[in-house]
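Raw contents of run_10.csv, CSV, C-alpha atoms and all ligand atoms:
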chain,number,residue,atom,x,y,z
A,1,MET,CA,-68.7,24.3,5.4
A,2,PRO,CA,-66.9,21.0,4.7
A,3,LEU,CA,-63.4,22.2,5.3
A,4,SER,CA,-64.1,23.6,8.8
A,5,THR,CA,-66.3,20.5,9.5
A,6,LEU,CA,-63.2,18.3,8.8
A,7,CYS,CA,-60.8,20.4,10.9
A,8,GLN,CA,-63.3,20.6,13.8
A,9,ARG,CA,-63.4,16.8,13.9
A,10,CYS,CA,-59.6,16.5,13.6
A,11,GLY,CA,-57.3,18.9,15.4
A,12,LEU,CA,-54.3,16.8,14.7
A,13,CYS,CA,-52.1,19.7,13.4
A,14,CYS,CA,-52.6,21.5,16.8
A,15,ASP,CA,-52.7,18.7,19.3
A,16,GLY,CA,-49.0,17.7,19.0
A,17,ASN,CA,-49.5,14.4,17.2
A,18,LEU,CA,-48.5,15.7,13.7
A,19,PHE,CA,-45.9,18.3,14.9
A,20,SER,CA,-44.1,19.2,18.1
A,21,SER,CA,-43.8,22.9,17.3
A,22,LEU,CA,-44.7,25.4,14.6
A,23,PRO,CA,-42.6,28.3,13.3
A,24,LEU,CA,-43.4,31.9,14.3
A,25,ARG,CA,-42.6,35.3,13.0
A,26,ARG,CA,-40.7,37.4,15.5
A,27,SER,CA,-43.5,39.9,15.4
A,28,GLU,CA,-45.9,37.2,16.6
A,29,VAL,CA,-44.1,36.4,19.8
A,30,ALA,CA,-45.3,39.2,22.0
A,31,PRO,CA,-49.0,39.0,21.0
A,32,LEU,CA,-48.9,35.2,21.7
A,33,GLU,CA,-47.1,35.7,25.0
A,34,ARG,CA,-49.9,38.2,26.0
A,35,LEU,CA,-52.3,35.4,25.3
A,36,ALA,CA,-50.2,33.2,27.7
A,37,LEU,CA,-49.2,30.8,24.9
A,38,PRO,CA,-45.7,29.4,25.6
A,39,VAL,CA,-43.1,30.4,22.9
A,40,VAL,CA,-40.0,28.3,22.7
A,41,GLU,CA,-36.7,28.8,20.8
A,42,ARG,CA,-35.6,26.3,18.2
A,43,SER,CA,-32.0,25.1,17.9
A,44,ASP,CA,-31.5,27.6,15.1
A,45,GLY,CA,-32.6,30.5,17.3
A,46,THR,CA,-36.0,31.0,15.6
A,47,PRO,CA,-39.2,31.3,17.7
A,48,ALA,CA,-41.8,28.5,17.7
A,49,LEU,CA,-45.1,27.7,19.3
A,50,GLU,CA,-45.0,24.4,21.2
A,51,GLN,CA,-47.5,21.7,20.3
A,52,ARG,CA,-49.8,20.4,21.8
A,53,CYS,CA,-50.9,24.0,21.5
A,54,ALA,CA,-52.1,25.5,24.8
A,55,ALA,CA,-54.9,27.3,22.9
A,56,LEU,CA,-56.5,24.1,21.8
A,57,GLU,CA,-59.7,23.2,23.6
A,58,GLY,CA,-61.1,19.9,22.6
A,59,ARG,CA,-60.4,20.1,18.9
A,60,CYS,CA,-61.0,23.8,18.5
A,61,CYS,CA,-58.7,26.8,18.6
A,62,THR,CA,-59.6,29.3,21.3
A,63,VAL,CA,-57.5,32.2,19.7
A,64,TYR,CA,-58.8,31.6,16.2
A,65,ALA,CA,-58.9,35.4,15.2
A,66,GLU,CA,-55.4,35.9,16.6
A,67,ARG,CA,-53.7,32.7,15.4
A,68,PRO,CA,-50.3,32.9,13.9
A,69,GLU,CA,-49.6,33.0,10.1
A,70,ALA,CA,-48.3,29.4,10.1
A,71,CYS,CA,-51.8,28.3,11.4
A,72,ARG,CA,-53.6,30.5,8.9
A,73,SER,CA,-51.7,29.2,5.9
A,74,TYR,CA,-51.4,25.5,6.9
A,75,ARG,CA,-53.3,22.8,4.9
A,76,CYS,CA,-52.5,19.2,5.4
A,77,LEU,CA,-52.7,16.7,2.5
A,78,LEU,CA,-56.2,15.6,3.5
A,79,LEU,CA,-57.6,19.2,3.6
A,80,MET,CA,-56.0,19.9,0.2
A,81,ALA,CA,-57.5,16.7,-1.2
A,82,LEU,CA,-60.9,17.7,0.1
A,83,SER,CA,-60.7,21.3,-1.2
A,84,GLU,CA,-59.7,20.0,-4.6
A,85,GLY,CA,-62.5,17.5,-4.7
A,86,GLU,CA,-60.2,14.5,-4.7
A,87,VAL,CA,-62.0,13.0,-1.7
A,88,SER,CA,-65.6,13.5,-0.4
A,89,LEU,CA,-66.2,14.9,3.1
A,90,GLU,CA,-67.4,11.5,4.2
A,91,GLU,CA,-64.1,9.9,3.0
A,92,ALA,CA,-62.0,12.6,4.6
A,93,LEU,CA,-63.9,12.2,7.9
A,94,ALA,CA,-63.3,8.5,7.8
A,95,VAL,CA,-59.5,9.1,7.4
A,96,VAL,CA,-59.6,11.4,10.4
A,97,ASP,CA,-61.5,8.9,12.5
A,98,GLU,CA,-59.0,6.2,11.6
A,99,ALA,CA,-56.1,8.5,12.6
A,100,HIS,CA,-57.7,9.0,16.0
A,101,ALA,CA,-58.4,5.3,16.4
A,102,ARG,CA,-54.8,4.4,15.7
A,103,ILE,CA,-53.6,7.1,18.2
A,104,GLN,CA,-56.0,5.8,20.8
A,105,ALA,CA,-54.8,2.3,20.3
A,106,MET,CA,-51.2,3.6,20.8
A,107,ASP,CA,-52.3,5.4,24.0
A,108,ALA,CA,-53.5,2.2,25.6
A,109,LEU,CA,-50.1,0.7,25.2
A,110,LEU,CA,-48.1,3.5,26.8
A,111,PRO,CA,-47.5,4.4,30.4
A,112,PRO,CA,-49.9,7.2,31.5
A,113,GLY,CA,-48.8,10.7,30.7
A,114,ASP,CA,-48.6,13.7,33.1
A,115,ALA,CA,-52.1,14.9,33.6
A,116,ARG,CA,-50.8,18.4,34.6
A,117,ALA,CA,-48.9,18.8,31.3
A,118,PRO,CA,-50.7,16.7,28.7
A,119,SER,CA,-48.6,15.9,25.7
A,120,ALA,CA,-49.7,14.2,22.5
A,121,VAL,CA,-49.8,10.4,22.4
A,122,LEU,CA,-47.3,10.2,19.6
A,123,GLN,CA,-44.8,12.6,21.3
A,124,ARG,CA,-45.0,10.3,24.4
A,125,ALA,CA,-44.4,7.3,22.2
A,126,ARG,CA,-41.3,9.0,20.6
A,127,ARG,CA,-39.9,9.8,24.1
A,128,ALA,CA,-40.7,6.4,25.5
A,129,GLY,CA,-38.9,4.8,22.6
A,130,LEU,CA,-35.6,6.5,23.3
A,131,PRO,CA,-32.8,4.4,24.9
A,132,GLU,CA,-32.4,6.8,27.8
A,133,ASN,CA,-36.1,6.3,28.7
A,134,GLY,CA,-35.9,2.5,28.6
A,135,GLY,CA,-36.6,2.2,24.8
A,136,PRO,CA,-37.1,0.7,22.4
A,137,LEU,CA,-40.8,0.1,22.9
A,138,PRO,CA,-42.2,-3.4,23.4
A,139,PRO,CA,-43.0,-5.0,20.0
A,140,ARG,CA,-46.8,-4.5,20.2
A,141,ALA,CA,-46.4,-0.8,21.1
A,142,GLN,CA,-43.7,-0.3,18.4
A,143,GLU,CA,-46.0,-1.8,15.8
A,144,SER,CA,-48.9,0.3,16.9
A,145,TRP,CA,-46.8,3.4,16.9
A,146,GLU,CA,-45.5,2.7,13.4
A,147,GLN,CA,-49.1,2.1,12.2
A,148,ALA,CA,-50.2,5.5,13.5
A,149,GLU,CA,-47.2,7.4,12.1
A,150,LEU,CA,-47.6,5.7,8.7
A,151,TRP,CA,-51.3,6.8,8.6
A,152,LEU,CA,-50.3,10.4,9.5
A,153,ASN,CA,-47.5,10.5,6.9
A,154,ARG,CA,-49.6,9.1,4.2
A,155,HIS,CA,-52.7,11.2,4.7
A,156,PHE,CA,-51.7,14.4,6.5
A,157,ARG,CA,-48.0,15.3,6.6
A,158,GLY,CA,-46.6,15.2,3.0
A,159,ARG,CA,-44.2,17.9,2.0
A,160,HIS,CA,-46.1,20.8,3.7
A,161,ARG,CA,-44.5,20.4,7.1
A,162,ARG,CA,-44.9,23.2,9.5
A,163,GLY,CA,-42.8,21.9,12.3
A,164,GLN,CA,-41.1,18.7,13.4
A,201,LIG,S1,-54.5,18.1,10.2
A,201,LIG,FE1,-55.6,18.8,8.4
A,201,LIG,S2,-57.7,18.2,8.6
A,201,LIG,FE2,-56.7,18.1,10.6
A,201,LIG,S3,-57.2,20.1,11.6
A,201,LIG,FE3,-55.2,20.2,10.6
A,201,LIG,S4,-55.6,21.1,8.5
A,201,LIG,FE4,-57.5,20.3,9.4
A,202,LIG,S1,-53.0,28.9,17.7
A,202,LIG,FE1,-55.0,27.8,17.3
A,202,LIG,S2,-54.7,27.1,15.1
A,202,LIG,FE2,-52.7,27.6,15.9
A,202,LIG,S3,-51.8,25.7,16.7
A,202,LIG,FE3,-52.8,26.7,18.4
A,202,LIG,S4,-54.9,25.9,18.5
A,202,LIG,FE4,-54.0,25.4,16.5

Encoding of this model in structure tokens:
Amino acid sequence: MPLSTLCQRCGLCCDGNLFSSLPLRRSEVAPLERLALPVVERSDGTPALEQRCAALEGRCCTVYAERPEACRSYRCLLLMALSEGEVSLEEALAVVDEAHARIQAMDALLPPGDARAPSAVLQRARRAGLPENGGPLPPRAQESWEQAELWLNRHFRGRHRRGQ
């Protein structure tokens, strides 16, 4: 099915590049903790699932049948465009490939991450760009980061944000 073909090639809404957390219902906390998925508390006291999601393997969800409501209901701009016939599967896959290429280009310009606790490339870029971490980023890295974020904003994020 084209929609699942697209998501299986993408994984960006689970791997921490689009979002750093997703909102949970209180009733979802215990079942997720039983699956050993780390639940965090947002500044407003509400529970959230950290991203990169620990249930993601490659670009697939390993707890698909038990995933939270925010995952079930989420559709990025690109997926909506595909489901409404605004873009073909081929065009949508090309957008996903370009997103991954921009993220990979950014990765090559950042100091290596912690292999024991992998975080998304764009989260590492955001952290590395903070003044307390020696930021701002060097001009080439800054430009590469902006190019990646621009692509994600234009094709994926839109108004249907599920986290920050
Ligand atoms: S970001 Fe969109 S296309 Fe990618 S996996 Fe999530 S819903 Fe699917
Ligand atoms: S539970 Fe599954 S669908 Fe939800 S963020 Fe994690 S990997 Fe993605």

For each of A:Cys53, A:Leu82, A:Leu122, A:Val95, take the minimum atom-to-atom distance to Pro2 in chain A, counting only C-alpha atoms, then give the residue where this is smallest. A:Leu82

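Of the listed residues (A:Arg34, A:Arg52, A:Arg25, A:Arg42), A:Arg52 comes nearest to Gln123 in chain A; the distances count only C-alpha atoms.
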
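In this comparison, which uses all atoms listed in the file, the residue of A:Glu149, A:Glu57, A:Asp44, A:Glu33 approaching ligand LIG 202 (chain A) most closely is A:Glu57.
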
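Every protein or nucleic acid residue with an atom no more than 12 Å from range 85-94 of chain A, counting all atoms listed in the file and leaving out same-chain residues fewer than 3 positions away, appears here: A:Met1, A:Pro2, A:Leu3, A:Ser4, A:Thr5, A:Leu6, A:Cys7, A:Gln8, A:Arg9, A:Cys10, A:Cys76, A:Leu77, A:Leu78, A:Leu79, A:Met80, A:Ala81, A:Leu82, A:Asp97, A:Glu98, A:Ala99, A:His100, A:Ala101, A:His155, A:Phe156.
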
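Nearest residue to ligand LIG 201 (chain A), choosing from A:Pro131, A:Pro38, A:Pro23, A:Gly58 and counting all atoms listed in the file: A:Gly58.
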
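Shortest atom-to-atom contact with ligand LIG 202 (chain A) among A:Leu18, A:Leu24, A:Leu56, A:Leu35: A:Leu56, counting only C-alpha atoms and all ligand atoms.
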
Gap from atom FE4 of ligand LIG 202 (chain A) to CA of Cys61 in chain A - Å, one decimal: 5.3 Å

If you count only C-alpha atoms and all ligand atoms, which residues end up within 12 Å of ligand LIG 202 (chain A), as a ChimeraX atom specification? /A:4,7-8,10-24,28-29,31-33,35-39,48-75,162-163

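Picture a line from CA of Leu109 in chain A to CA of Gly135 in chain A; it runs 13.6 Å.
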
Under the rule that all atoms listed in the file are counted, which of A:Val96, A:Leu110, A:Leu150, A:Ala105 is the nearest residue to ligand LIG 201 (chain A)? A:Val96

Starting from 5 Å padding per side, set up an axis-aligned box that covers all listed atoms of ligand LIG 201 (chain A) and hand over centre and edge lengths in Å, one decimal, as lines of an AutoDock Vina configuration file.
center_x = -56.1
center_y = 19.6
center_z = 10.0
size_x = 13.2
size_y = 13.0
size_z = 13.2

From CA of Gly113 in chain A to CA of Ala125 in chain A the spacing works out at 10.2 Å
